[in-house]
$ cat start-v1.txt   # compact mmCIF, C-alpha atoms and all ligand atoms
# COMPACT_ATOMS: atom_id res chain seq x y z
CA MET A 6 0.00 0.00 0.00
CA PRO A 7 1.34 3.43 -0.87
CA LEU A 8 0.17 4.84 2.52
CA ARG A 9 0.31 2.89 5.76
CA GLN A 10 -3.14 3.98 6.94
CA LYS A 11 -6.45 3.30 5.27
CA HIS A 12 -7.67 6.80 6.24
CA LEU A 13 -6.19 10.30 6.16
CA LEU A 14 -7.13 11.73 9.53
CA GLY A 15 -4.31 14.12 10.30
CA ILE A 16 -0.74 15.18 9.67
CA GLU A 17 0.16 13.77 13.07
CA GLU A 18 -0.26 10.19 11.75
CA LEU A 19 1.86 10.74 8.61
CA THR A 20 5.56 9.96 8.38
CA LEU A 21 7.92 12.27 6.53
CA ASP A 22 8.18 9.66 3.76
CA GLU A 23 4.39 9.62 3.38
CA ILE A 24 4.26 13.42 3.27
CA GLU A 25 6.90 13.44 0.54
CA LEU A 26 5.05 10.72 -1.36
CA ILE A 27 1.84 12.79 -1.31
CA LEU A 28 3.71 15.95 -2.40
CA ASN A 29 5.54 14.15 -5.23
CA THR A 30 2.32 12.53 -6.42
CA SER A 31 0.58 15.93 -6.29
CA ARG A 32 3.30 17.38 -8.54
CA SER A 33 2.70 14.72 -11.15
CA PHE A 34 -1.05 15.43 -11.06
CA LYS A 35 -0.70 19.22 -11.44
CA GLU A 36 -0.19 18.97 -15.18
CA ILE A 37 -3.58 17.32 -15.73
CA SER A 38 -5.32 20.55 -14.69
CA THR A 39 -3.49 22.46 -17.45
CA ARG A 40 -4.75 20.20 -20.25
CA PRO A 41 -7.64 21.20 -22.54
CA ILE A 42 -9.38 17.98 -21.45
CA LYS A 43 -8.76 17.79 -17.71
CA LYS A 44 -9.65 14.20 -17.09
CA VAL A 45 -7.86 10.84 -16.83
CA PRO A 46 -9.44 7.44 -16.17
CA THR A 47 -7.16 6.51 -13.24
CA LEU A 48 -9.99 6.19 -10.67
CA ARG A 49 -12.80 5.28 -13.06
CA GLY A 50 -15.48 3.31 -11.21
CA LYS A 51 -14.52 4.78 -7.82
CA SER A 52 -16.67 7.24 -5.91
CA LEU A 53 -16.26 10.01 -3.35
CA ILE A 54 -18.89 11.38 -0.98
CA ASN A 55 -18.34 14.88 0.42
CA LEU A 56 -20.00 15.00 3.84
CA PHE A 57 -19.58 18.57 5.02
CA TYR A 58 -21.29 19.69 8.24
CA GLU A 59 -19.62 23.11 7.95
CA PRO A 60 -19.55 25.56 5.03
CA SER A 61 -16.71 25.34 2.51
CA THR A 62 -15.81 26.90 -0.80
CA ARG A 63 -12.29 25.62 -1.54
CA THR A 64 -12.05 22.22 0.16
CA ARG A 65 -15.37 20.78 -0.91
CA SER A 66 -15.18 21.93 -4.52
CA SER A 67 -11.55 20.84 -4.89
CA PHE A 68 -12.31 17.34 -3.57
CA GLU A 69 -15.14 17.16 -6.09
CA ILE A 70 -12.98 18.45 -8.95
CA ALA A 71 -10.09 16.17 -7.93
CA ALA A 72 -12.34 13.10 -8.04
CA LYS A 73 -13.80 14.08 -11.41
CA ARG A 74 -10.37 14.83 -12.93
CA LEU A 75 -9.35 11.27 -12.02
CA GLY A 76 -12.48 9.81 -13.58
CA ALA A 77 -14.23 9.03 -10.27
CA ASP A 78 -17.79 9.99 -9.38
CA SER A 79 -18.37 12.51 -6.62
CA ILE A 80 -21.48 13.28 -4.62
CA ASN A 81 -22.03 16.20 -2.25
CA VAL A 82 -24.35 15.57 0.68
CA ASP A 83 -26.23 18.76 1.50
CA VAL A 84 -26.32 18.31 5.28
CA SER A 85 -28.89 21.10 5.71
CA GLN A 86 -31.27 19.12 3.47
CA SER A 87 -30.34 15.71 4.87
CA SER A 88 -31.76 13.56 7.65
CA VAL A 89 -29.21 15.15 9.99
CA THR A 90 -31.92 17.81 10.44
CA LYS A 91 -34.19 15.01 11.73
CA GLY A 92 -31.66 14.02 14.37
CA GLU A 93 -29.63 11.38 12.55
CA SER A 94 -26.24 10.98 14.19
CA LEU A 95 -22.88 11.27 12.46
CA ILE A 96 -22.30 7.54 12.87
CA ASP A 97 -25.70 6.59 11.46
CA THR A 98 -25.30 9.04 8.59
CA GLY A 99 -21.86 7.63 7.80
CA LYS A 100 -23.00 4.00 8.01
CA ASN A 101 -25.99 4.68 5.75
CA LEU A 102 -23.84 6.46 3.19
CA GLU A 103 -21.31 3.64 3.36
CA SER A 104 -24.08 1.17 2.50
CA MET A 105 -24.10 2.76 -0.96
CA SER A 106 -20.47 1.63 -1.43
CA PRO A 107 -18.51 4.88 -1.82
CA ASP A 108 -14.74 4.36 -1.80
CA ILE A 109 -13.97 7.56 0.09
CA ILE A 110 -15.93 9.85 2.41
CA ALA A 111 -14.43 13.32 2.94
CA VAL A 112 -15.75 14.71 6.22
CA ARG A 113 -15.78 18.23 7.57
CA HIS A 114 -17.26 18.72 11.02
CA SER A 115 -17.24 21.36 13.73
CA SER A 116 -16.26 18.75 16.34
CA ALA A 117 -12.64 17.71 16.69
CA GLY A 118 -12.31 13.96 16.19
CA ALA A 119 -15.47 13.50 14.09
CA PRO A 120 -13.58 11.89 11.14
CA HIS A 121 -11.68 9.66 13.59
CA LEU A 122 -14.96 8.51 15.09
CA LEU A 123 -16.42 7.80 11.67
CA SER A 124 -13.32 5.83 10.68
CA GLN A 125 -13.99 3.47 13.59
CA TYR A 126 -17.51 2.68 12.36
CA CYS A 127 -17.02 2.60 8.59
CA GLU A 128 -15.73 -0.76 7.45
CA THR A 129 -15.10 -0.27 3.75
CA ALA A 130 -14.85 3.45 2.93
CA CYS A 131 -11.65 5.43 3.49
CA ILE A 132 -12.28 8.52 5.61
CA VAL A 133 -10.50 11.78 4.80
CA ASN A 134 -10.46 14.60 7.31
CA ALA A 135 -11.53 17.75 5.46
CA GLY A 136 -11.28 19.82 8.65
CA ASP A 137 -12.41 18.82 12.16
CA GLY A 138 -13.20 21.63 14.54
CA MET A 139 -10.08 23.28 15.89
CA HIS A 140 -8.03 20.11 15.46
CA GLU A 141 -6.60 19.39 11.98
CA HIS A 142 -7.00 20.18 8.29
CA PRO A 143 -4.39 17.85 6.79
CA THR A 144 -5.00 18.44 3.08
CA GLN A 145 -4.71 22.20 3.65
CA ALA A 146 -1.27 21.79 5.23
CA LEU A 147 -0.20 19.50 2.39
CA LEU A 148 -1.27 22.00 -0.27
CA ASP A 149 0.47 24.74 1.69
CA ALA A 150 3.70 22.72 1.72
CA LEU A 151 3.39 22.08 -2.01
CA THR A 152 2.95 25.82 -2.61
CA ILE A 153 5.96 26.70 -0.46
CA LEU A 154 8.05 24.15 -2.37
CA ASP A 155 6.94 25.68 -5.68
CA HIS A 156 8.71 28.87 -4.55
CA LYS A 157 11.50 27.70 -2.26
CA LYS A 158 13.92 24.86 -2.91
CA LYS A 159 13.21 23.19 0.41
CA ILE A 160 11.27 23.74 3.60
CA GLU A 161 14.07 22.77 5.98
CA GLY A 162 15.54 25.90 7.57
CA LEU A 163 12.89 28.33 6.31
CA LYS A 164 11.45 30.83 8.75
CA VAL A 165 7.67 30.50 8.54
CA ALA A 166 5.53 33.01 10.44
CA ILE A 167 1.94 31.93 11.10
CA VAL A 168 -0.03 34.99 12.21
CA GLY A 169 -3.52 35.43 13.59
CA ASP A 170 -6.07 33.32 15.38
CA ILE A 171 -3.85 30.37 16.27
CA ALA A 172 -6.14 29.13 19.04
CA HIS A 173 -9.12 28.34 16.82
CA SER A 174 -7.19 27.30 13.71
CA ARG A 175 -6.98 23.71 12.50
CA VAL A 176 -4.88 25.07 9.62
CA ALA A 177 -2.29 26.37 12.08
CA ARG A 178 -2.18 23.07 13.95
CA SER A 179 -1.75 20.95 10.80
CA ASN A 180 0.85 23.32 9.39
CA VAL A 181 2.82 23.42 12.63
CA LEU A 182 2.93 19.61 12.61
CA LEU A 183 3.81 19.31 8.93
CA LEU A 184 6.32 22.16 8.69
CA GLY A 185 7.94 20.94 11.90
CA LYS A 186 8.35 17.45 10.42
CA MET A 187 9.89 19.04 7.33
CA GLY A 188 12.41 21.05 9.37
CA ALA A 189 11.04 24.59 9.14
CA ASN A 190 11.67 27.18 11.81
CA VAL A 191 8.04 27.98 12.68
CA TRP A 192 6.92 31.08 14.56
CA VAL A 193 3.34 31.70 15.64
CA CYS A 194 2.13 35.21 16.35
CA GLY A 195 -1.13 36.77 17.48
CA PRO A 196 -2.76 38.41 20.49
CA PRO A 197 -2.07 36.47 23.73
CA THR A 198 -5.80 35.68 23.88
CA LEU A 199 -5.59 33.83 20.54
CA ILE A 200 -2.53 31.65 21.18
CA PRO A 201 -2.97 28.59 23.43
CA MET A 202 -0.67 28.52 26.45
CA GLU A 203 0.76 25.12 25.57
CA PHE A 204 1.59 25.88 21.97
CA GLU A 205 5.38 25.83 22.51
CA ILE A 206 5.16 22.06 23.03
CA TYR A 207 4.84 21.80 19.25
CA GLY A 208 8.40 23.11 18.93
CA VAL A 209 7.39 26.53 17.62
CA LYS A 210 8.47 29.97 18.77
CA VAL A 211 5.64 32.08 20.17
CA THR A 212 5.57 35.86 19.93
CA TYR A 213 2.90 38.50 20.42
CA HIS A 214 4.82 41.01 18.29
CA MET A 215 4.43 40.90 14.54
CA LYS A 216 7.80 42.54 13.89
CA GLU A 217 9.57 39.72 15.70
CA ALA A 218 7.59 37.10 13.76
CA LEU A 219 8.12 38.71 10.37
CA GLU A 220 11.79 39.74 10.66
CA GLY A 221 13.70 37.52 8.26
CA ALA A 222 10.62 35.44 7.43
CA ASP A 223 10.62 33.47 4.17
CA VAL A 224 6.94 32.58 4.39
CA ILE A 225 4.10 34.54 6.02
CA MET A 226 0.92 32.60 6.60
CA MET A 227 -1.97 34.82 7.60
CA LEU A 228 -5.01 33.33 9.34
CA ARG A 229 -8.61 34.44 9.55
CA THR A 230 -10.04 35.36 12.92
CA GLN A 231 -12.58 32.59 13.35
CA ARG A 232 -15.54 34.47 14.78
CA GLU A 233 -17.79 31.41 14.40
CA ARG A 234 -15.63 29.51 16.92
CA GLN A 235 -15.18 32.40 19.35
CA SER A 236 -17.58 32.36 22.27
CA GLU A 237 -16.15 35.55 23.74
CA VAL A 238 -14.44 38.73 22.57
CA PHE A 239 -10.71 38.10 22.11
CA PHE A 240 -9.64 41.55 20.92
CA PRO A 241 -11.07 45.04 21.50
CA SER A 242 -11.81 46.04 17.89
CA VAL A 243 -11.12 45.07 14.28
CA LYS A 244 -9.29 48.39 13.83
CA GLU A 245 -6.89 47.60 16.67
CA TYR A 246 -6.47 43.99 15.50
CA PHE A 247 -5.54 45.13 12.00
CA ALA A 248 -3.13 47.75 13.36
CA LEU A 249 -1.26 45.15 15.44
CA TYR A 250 -1.68 41.89 13.50
CA GLY A 251 -3.00 42.77 10.04
CA LEU A 252 -0.54 42.42 7.18
CA ASP A 253 0.09 45.56 5.14
CA THR A 254 2.91 46.80 2.92
CA LYS A 255 4.74 48.43 5.84
CA LYS A 256 4.84 45.20 7.83
CA MET A 257 5.86 43.28 4.67
CA GLY A 258 9.05 45.37 4.81
CA TRP A 259 10.12 43.44 7.95
CA ALA A 260 10.20 40.13 6.07
CA ARG A 261 12.77 38.97 3.52
CA ARG A 262 12.40 40.60 0.09
CA SER A 263 11.77 37.11 -1.32
CA ALA A 264 9.03 36.31 1.23
CA ILE A 265 5.74 34.88 0.03
CA VAL A 266 2.34 35.56 1.58
CA MET A 267 -0.13 32.73 2.13
CA HIS A 268 -3.69 32.51 3.43
CA PRO A 269 -5.89 29.40 3.54
CA GLY A 270 -9.01 31.48 2.85
CA PRO A 271 -11.60 32.73 3.19
CA ILE A 272 -9.87 36.12 3.41
CA ASN A 273 -11.28 38.93 5.48
CA ARG A 274 -9.79 41.89 3.64
CA GLY A 275 -9.08 44.75 6.02
CA VAL A 276 -9.14 42.48 9.09
CA GLU A 277 -6.08 40.22 8.86
CA ILE A 278 -4.77 41.39 5.48
CA ALA A 279 -4.82 44.74 3.67
CA PRO A 280 -7.43 44.67 0.88
CA GLU A 281 -4.93 44.90 -2.00
CA LEU A 282 -2.37 42.38 -0.68
CA ALA A 283 -4.10 39.21 -1.88
CA GLU A 284 -3.28 40.22 -5.48
CA ALA A 285 0.25 41.52 -4.75
CA GLY A 286 3.21 39.89 -6.53
CA TYR A 287 4.37 38.14 -3.36
CA SER A 288 0.93 36.64 -2.67
CA VAL A 289 0.53 32.95 -3.53
CA ILE A 290 -3.01 32.70 -2.18
CA PHE A 291 -4.64 31.67 -5.45
CA GLU A 292 -1.79 29.22 -6.19
CA GLN A 293 -2.67 27.53 -2.89
CA VAL A 294 -6.22 27.04 -4.15
CA ALA A 295 -4.97 25.58 -7.44
CA ASN A 296 -2.61 23.24 -5.59
CA GLY A 297 -5.54 22.08 -3.48
CA VAL A 298 -6.89 20.20 -6.48
CA ALA A 299 -3.57 18.43 -7.14
CA VAL A 300 -3.07 17.49 -3.49
CA ARG A 301 -6.59 16.09 -3.21
CA MET A 302 -6.10 14.14 -6.44
CA ALA A 303 -2.95 12.64 -4.89
CA VAL A 304 -4.71 11.80 -1.63
CA LEU A 305 -7.61 10.08 -3.41
CA TYR A 306 -5.19 8.21 -5.66
CA LEU A 307 -2.90 7.06 -2.86
CA LEU A 308 -5.68 6.08 -0.45
CA LEU A 309 -7.35 3.98 -3.07
CA GLY A 310 -4.08 2.15 -3.49
CA ALA A 311 -3.96 2.68 -7.23
CA SER A 312 -1.10 0.71 -8.66
CA GLU A 313 -0.82 2.38 -12.06
CA GLU A 314 1.55 5.25 -12.81
CA PRO A 315 -0.30 8.49 -11.93
CA GLY A 316 0.86 10.60 -14.90
CA LEU A 317 -1.46 9.28 -17.60
N1 LIG B 401 -9.13 26.68 3.32
C1 LIG B 401 -10.36 26.15 3.48
O1 LIG B 401 -10.55 25.15 4.17
O2 LIG B 401 -11.34 26.83 2.81
P1 LIG B 401 -12.87 26.38 2.80
O3 LIG B 401 -13.40 26.58 4.18
O4 LIG B 401 -13.54 27.28 1.79
O5 LIG B 401 -12.93 24.95 2.39
$ encode --input "start-v1.txt" --output "structure tokens" --more "lines below"
Ligand code: CP
Amino acid sequence: MPLRQKHLLGIEELTLDEIELILNTSRSFKEISTRPIKKVPTLRGKSLINLFYEPSTRTRSSFEIAAKRLGADSINVDVSQSSVTKGESLIDTGKNLESMSPDIIAVRHSSAGAPHLLSQYCETACIVNAGDGMHEHPTQALLDALTILDHKKKIEGLKVAIVGDIAHSRVARSNVLLLGKMGANVWVCGPPTLIPMEFEIYGVKVTYHMKEALEGADVIMMLRTQRERQSEVFFPSVKEYFALYGLDTKKMGWARRSAIVMHPGPINRGVEIAPELAEAGYSVIFEQVANGVAVRMAVLYLLLGASEEPGL
């Protein structure tokens, strides 16, 4: 089997070799999206179900596109129109969907551990974590690593500054784990109220000062303030937040001239990033989205244990 596990539940479970395998496979799949006919028959006859309990623009559509580009069928379950509204549990929903013989179920849920739970009850389908609460978002970290490697020769030794709402961010957690495994020098920065006390255990440097985080940074990863997960007020005002932790051209001057700016999306222009910065030359935000398709193609391909050469 190309991957040791049947499911992709988090970066934590992946070895460095498996991460590199996914990234290398993603690279070979990128070219398919540039063809006039963006489809190969590699996963013909396979099927993916997207089971998203939380909203998504990028992750859900890129899983769907990835499946279709590989010739698989993909189905989106509209949870708001499903029997979840009648009280059906996650486990029952998963088991009923599995009865229709999908090969993969991609799950997004507001509760940490939901995909792990489902993986214990589903016997045939592979479960992919498409974001679970504040825990992990493994395919996001993988596409972020692929994007960094498109611009930098290697990740080892790079200074990566992750700025914003660290406490509520599954993207931050997955990236800290992945970039740490790949040897980056990771800094996290945000208001003290938005960085968990124990975060240094992940081997990152913690600072509450953006200048310290950005000085000499090769990669700046900005995060959205996740209001939907915040039960209390963590900063006095958006104006003050942007002044201290929002990225603008002045603060960009603290980073290396070759620094790239990333954001997992959705962007809140004027809150964590100046409105015009997403389109600036150093921004790779839309490249991240494009790489999301390639990474999800690779994940589907590798989990389904396809034995053929990927570059058809
Ligand atoms: N980055 C990300 O997970 O975006 P979506 O919420 O739109 O899927």
$ closest_atom_pairs --input "start-v1.txt" --of "chain A" --to "ligand LIG 401 (chain B)" --cutoff "12 Å" --atoms "all atoms listed in the file" --output "JSON lines"
{"residue": "A:Asn55", "atom": "CA", "partner": "B:LIG401", "partner_atom": "O5", "distance": 11.6}
{"residue": "A:Phe57", "atom": "CA", "partner": "B:LIG401", "partner_atom": "O5", "distance": 9.6}
{"residue": "A:Tyr58", "atom": "CA", "partner": "B:LIG401", "partner_atom": "O3", "distance": 11.2}
{"residue": "A:Glu59", "atom": "CA", "partner": "B:LIG401", "partner_atom": "O3", "distance": 8.1}
{"residue": "A:Pro60", "atom": "CA", "partner": "B:LIG401", "partner_atom": "O3", "distance": 6.3}
{"residue": "A:Ser61", "atom": "CA", "partner": "B:LIG401", "partner_atom": "O4", "distance": 3.8}
{"residue": "A:Thr62", "atom": "CA", "partner": "B:LIG401", "partner_atom": "O4", "distance": 3.5}
{"residue": "A:Arg63", "atom": "CA", "partner": "B:LIG401", "partner_atom": "O4", "distance": 3.9}
{"residue": "A:Thr64", "atom": "CA", "partner": "B:LIG401", "partner_atom": "O5", "distance": 3.6}
{"residue": "A:Arg65", "atom": "CA", "partner": "B:LIG401", "partner_atom": "O5", "distance": 5.9}
{"residue": "A:Ser66", "atom": "CA", "partner": "B:LIG401", "partner_atom": "O5", "distance": 7.9}
{"residue": "A:Ser67", "atom": "CA", "partner": "B:LIG401", "partner_atom": "O5", "distance": 8.5}
{"residue": "A:Phe68", "atom": "CA", "partner": "B:LIG401", "partner_atom": "O5", "distance": 9.7}
{"residue": "A:Glu69", "atom": "CA", "partner": "B:LIG401", "partner_atom": "O5", "distance": 11.7}
{"residue": "A:Ala111", "atom": "CA", "partner": "B:LIG401", "partner_atom": "O5", "distance": 11.7}
{"residue": "A:Val112", "atom": "CA", "partner": "B:LIG401", "partner_atom": "O5", "distance": 11.3}
{"residue": "A:Arg113", "atom": "CA", "partner": "B:LIG401", "partner_atom": "O5", "distance": 9.0}
{"residue": "A:His114", "atom": "CA", "partner": "B:LIG401", "partner_atom": "O3", "distance": 11.1}
{"residue": "A:Ser115", "atom": "CA", "partner": "B:LIG401", "partner_atom": "O3", "distance": 11.5}
{"residue": "A:Asn134", "atom": "CA", "partner": "B:LIG401", "partner_atom": "O1", "distance": 11.0}
{"residue": "A:Ala135", "atom": "CA", "partner": "B:LIG401", "partner_atom": "O1", "distance": 7.6}
{"residue": "A:Gly136", "atom": "CA", "partner": "B:LIG401", "partner_atom": "O1", "distance": 7.0}
{"residue": "A:Asp137", "atom": "CA", "partner": "B:LIG401", "partner_atom": "O1", "distance": 10.4}
{"residue": "A:Gly138", "atom": "CA", "partner": "B:LIG401", "partner_atom": "O1", "distance": 11.3}
{"residue": "A:Met139", "atom": "CA", "partner": "B:LIG401", "partner_atom": "O1", "distance": 11.9}
{"residue": "A:Glu141", "atom": "CA", "partner": "B:LIG401", "partner_atom": "O1", "distance": 10.5}
{"residue": "A:His142", "atom": "CA", "partner": "B:LIG401", "partner_atom": "O1", "distance": 7.4}
{"residue": "A:Pro143", "atom": "CA", "partner": "B:LIG401", "partner_atom": "O1", "distance": 9.9}
{"residue": "A:Thr144", "atom": "CA", "partner": "B:LIG401", "partner_atom": "O1", "distance": 8.8}
{"residue": "A:Gln145", "atom": "CA", "partner": "B:LIG401", "partner_atom": "N1", "distance": 6.3}
{"residue": "A:Ala146", "atom": "CA", "partner": "B:LIG401", "partner_atom": "N1", "distance": 9.5}
{"residue": "A:Leu147", "atom": "CA", "partner": "B:LIG401", "partner_atom": "N1", "distance": 11.5}
{"residue": "A:Leu148", "atom": "CA", "partner": "B:LIG401", "partner_atom": "N1", "distance": 9.8}
{"residue": "A:Asp149", "atom": "CA", "partner": "B:LIG401", "partner_atom": "N1", "distance": 9.9}
{"residue": "A:Ser174", "atom": "CA", "partner": "B:LIG401", "partner_atom": "O1", "distance": 10.3}
{"residue": "A:Arg175", "atom": "CA", "partner": "B:LIG401", "partner_atom": "O1", "distance": 9.2}
{"residue": "A:Val176", "atom": "CA", "partner": "B:LIG401", "partner_atom": "N1", "distance": 7.8}
{"residue": "A:Ala177", "atom": "CA", "partner": "B:LIG401", "partner_atom": "N1", "distance": 11.1}
{"residue": "A:Ser179", "atom": "CA", "partner": "B:LIG401", "partner_atom": "O1", "distance": 11.8}
{"residue": "A:Met227", "atom": "CA", "partner": "B:LIG401", "partner_atom": "N1", "distance": 11.7}
{"residue": "A:Leu228", "atom": "CA", "partner": "B:LIG401", "partner_atom": "N1", "distance": 9.9}
{"residue": "A:Arg229", "atom": "CA", "partner": "B:LIG401", "partner_atom": "N1", "distance": 10.0}
{"residue": "A:Gln231", "atom": "CA", "partner": "B:LIG401", "partner_atom": "O3", "distance": 11.0}
{"residue": "A:Met267", "atom": "CA", "partner": "B:LIG401", "partner_atom": "N1", "distance": 10.9}
{"residue": "A:His268", "atom": "CA", "partner": "B:LIG401", "partner_atom": "N1", "distance": 8.0}
{"residue": "A:Pro269", "atom": "CA", "partner": "B:LIG401", "partner_atom": "N1", "distance": 4.2}
{"residue": "A:Gly270", "atom": "CA", "partner": "B:LIG401", "partner_atom": "N1", "distance": 4.8}
{"residue": "A:Pro271", "atom": "CA", "partner": "B:LIG401", "partner_atom": "O2", "distance": 5.9}
{"residue": "A:Ile272", "atom": "CA", "partner": "B:LIG401", "partner_atom": "O2", "distance": 9.4}
{"residue": "A:Ile290", "atom": "CA", "partner": "B:LIG401", "partner_atom": "N1", "distance": 10.2}
{"residue": "A:Phe291", "atom": "CA", "partner": "B:LIG401", "partner_atom": "N1", "distance": 11.0}
{"residue": "A:Gln293", "atom": "CA", "partner": "B:LIG401", "partner_atom": "N1", "distance": 9.0}
{"residue": "A:Val294", "atom": "CA", "partner": "B:LIG401", "partner_atom": "N1", "distance": 8.0}
{"residue": "A:Ala295", "atom": "CA", "partner": "B:LIG401", "partner_atom": "N1", "distance": 11.6}
{"residue": "A:Asn296", "atom": "CA", "partner": "B:LIG401", "partner_atom": "N1", "distance": 11.6}
{"residue": "A:Gly297", "atom": "CA", "partner": "B:LIG401", "partner_atom": "N1", "distance": 9.0}
{"residue": "A:Val298", "atom": "CA", "partner": "B:LIG401", "partner_atom": "O5", "distance": 11.7}
$ residues_around --input "start-v1.txt" --residues "Glu220 (chain A)" --least-positions-apart "4" --cutoff "6 Å" --atoms "only C-alpha atoms" --output "list in words"
Lys216, Trp259 and Ala260 of chain A
$ closest_residue --input "start-v1.txt" --among "A:Lys244, A:Arg74, A:Lys186, A:Arg9" --to "Lys43 (chain A)" --atoms "only C-alpha atoms"
A:Arg74
$ closest_residue --input "start-v1.txt" --among "A:Leu183, A:Ile132, A:Glu103, A:Tyr287" --to "Leu28 (chain A)" --atoms "all atoms listed in the file"
A:Leu183
$ atom_distance --input "start-v1.txt" --atom1 "CA of Met202 (chain A)" --atom2 "CA of Phe239 (chain A)"
14.5 Å
$ residues_near_point --input "start-v1.txt" --point "(-0.3, 23.0, -9.7)" --cutoff "8 Å" --atoms "only C-alpha atoms" --output "list in words"
Ser31, Arg32, Phe34, Lys35, Glu36, Ser38, Glu292, Ala295, Asn296, Val298 and Ala299 of chain A
$ write_last_selection --input "start-v1.txt" --atoms "C-alpha atoms" --output "PDB file, in the coordinates of the input"
ATOM      1  CA  SER A  31       0.580  15.930  -6.290  1.00  0.00           C
ATOM      2  CA  ARG A  32       3.300  17.380  -8.540  1.00  0.00           C
ATOM      3  CA  PHE A  34      -1.050  15.430 -11.060  1.00  0.00           C
ATOM      4  CA  LYS A  35      -0.700  19.220 -11.440  1.00  0.00           C
ATOM      5  CA  GLU A  36      -0.190  18.970 -15.180  1.00  0.00           C
ATOM      6  CA  SER A  38      -5.320  20.550 -14.690  1.00  0.00           C
ATOM      7  CA  GLU A 292      -1.790  29.220  -6.190  1.00  0.00           C
ATOM      8  CA  ALA A 295      -4.970  25.580  -7.440  1.00  0.00           C
ATOM      9  CA  ASN A 296      -2.610  23.240  -5.590  1.00  0.00           C
ATOM     10  CA  VAL A 298      -6.890  20.200  -6.480  1.00  0.00           C
ATOM     11  CA  ALA A 299      -3.570  18.430  -7.140  1.00  0.00           C
TER      12      ALA A 299
END
$ atom_distance --input "start-v1.txt" --atom1 "CA of Ile16 (chain A)" --atom2 "CA of Asn180 (chain A)"
8.3 Å
$ atom_distance --input "start-v1.txt" --atom1 "CA of Ser106 (chain A)" --atom2 "CA of Leu26 (chain A)"
27.1 Å
$ closest_atom_pairs --input "start-v1.txt" --of "region 203-284 of chain A" --to "region 154-165 of chain A" --cutoff "8 Å" --atoms "all atoms listed in the file" --output "CSV"
residue,atom,partner,partner_atom,distance
A:Gly221,CA,A:Lys164,CA,7.1
A:Ala222,CA,A:Lys164,CA,4.9
A:Asp223,CA,A:Lys164,CA,5.4
A:Val224,CA,A:Val165,CA,4.7
A:Ile225,CA,A:Val165,CA,6.0
A:Met226,CA,A:Val165,CA,7.3
$ residues_near_point --input "start-v1.txt" --point "(-2.7, 43.6, 17.8)" --cutoff "10 Å" --atoms "only C-alpha atoms" --output "list in words"
Gly169, Cys194, Gly195, Pro196, Pro197, Tyr213, His214, Met215, Phe240, Pro241, Ser242, Val243, Lys244, Glu245, Tyr246, Phe247, Ala248, Leu249, Tyr250 and Gly251 of chain A
$ residues_around --input "start-v1.txt" --residues "Ser124 (chain A)" --least-positions-apart "4" --cutoff "10 Å" --atoms "all atoms listed in the file" --output "PyMOL selection string"
chain A and resi 11-14+96+99+110+118-120+128-134
$ residues_around --input "start-v1.txt" --residues "region 77-94 of chain A" --least-positions-apart "5" --cutoff "8 Å" --atoms "only C-alpha atoms" --output "PyMOL selection string"
chain A and resi 46+48-58+69+72
$ closest_residue --input "start-v1.txt" --among "A:Leu219, A:Gly188, A:Lys44, A:Asp22" --to "Gly76 (chain A)" --atoms "all atoms listed in the file"
A:Lys44
$ axis_aligned_box --input "start-v1.txt" --around "region 56-75 of chain A" --padding-each-side "8 Å" --output "AutoDock Vina command-line options"
--center_x -15.3 --center_y 19.1 --center_z -2.3 --size_x 27.9 --size_y 31.6 --size_z 37.2
$ closest_residue --input "start-v1.txt" --among "A:Arg301, A:Ile278, A:Ile42, A:Val193" --to "Lys255 (chain A)" --atoms "only C-alpha atoms"
A:Ile278
$ closest_residue --input "start-v1.txt" --among "A:Ala283, A:Gly275, A:Ser288, A:Trp192" --to "Ala166 (chain A)" --atoms "only C-alpha atoms"
A:Trp192
$ closest_residue --input "start-v1.txt" --among "A:Ile27, A:Ala189, A:Ala117, A:Val211" --to "Val168 (chain A)" --atoms "only C-alpha atoms"
A:Val211
